[in-house]
Amino acid sequence: MNAMIDAVRTEALFLSYVQRSQQPSADIIREAVTDTVHRLGEDRCAELVAQEFGEHPDCAPDRMRWARTAVRLAFH
């Protein structure tokens, strides 16, 4: 179950307005994740992440790696 929740959180952060260059705090990350999931829903997050990987295969993997690491730090 934890892996599934982390996956949704990672997708939501990936889609959020938060940028790695901002060096966001754990609070900002949690707020962005919550806002994005409430705004888009879990299924729509997955759809949009897939779309981003299709449209921007050059930069999407780096953002996803950052989002995964940021979610681990902010939520665990």
# chains A, B, ... in the order shown; residues from 1 in each chain; ligands from 1

call {"tool": "residues_around", "arguments": {"residues": "segment 35-49 of chain A", "least_positions_apart": "2", "cutoff": "7 Å", "atoms": "only C-alpha atoms", "output": "list in words"}}
result
Val8, Glu11, Ala12, Ser16, Glu31, Ala32, Val33, Gln51, Glu52 and Phe53 of chain A

call {"tool": "closest_residue", "arguments": {"among": "A:Arg63, A:Arg68, A:His56, A:Arg30", "to": "Thr10 of chain A", "atoms": "only C-alpha atoms"}}
result
A:Arg68

call {"tool": "atom_distance", "arguments": {"atom1": "atom CA of Gln23 of chain A", "atom2": "atom CA of Asp58 of chain A"}}
result
21.6 Å

call {"tool": "select_by_dssp", "arguments": {"residues": "chain A", "states": "alpha helix (DSSP H)", "output": "number ranges by chain"}}
result
A: 2-15, 26-40, 42-55, 60-75

call {"tool": "closest_residue", "arguments": {"among": "A:Ile28, A:Ala67, A:Leu73, A:Pro61", "to": "Arg9 of chain A", "atoms": "only C-alpha atoms"}}
result
A:Ala67

call {"tool": "closest_residue", "arguments": {"among": "A:Ala3, A:Ala26, A:Val18, A:Leu13", "to": "Ala74 of chain A", "atoms": "only C-alpha atoms"}}
result
A:Ala26

call {"tool": "closest_residue", "arguments": {"among": "A:Ile29, A:Gln19, A:Val71, A:His76", "to": "Ala7 of chain A", "atoms": "only C-alpha atoms"}}
result
A:Val71

call {"tool": "closest_residue", "arguments": {"among": "A:Asp6, A:Trp66, A:Ala50, A:Cys59", "to": "Ser21 of chain A", "atoms": "only C-alpha atoms"}}
result
A:Trp66
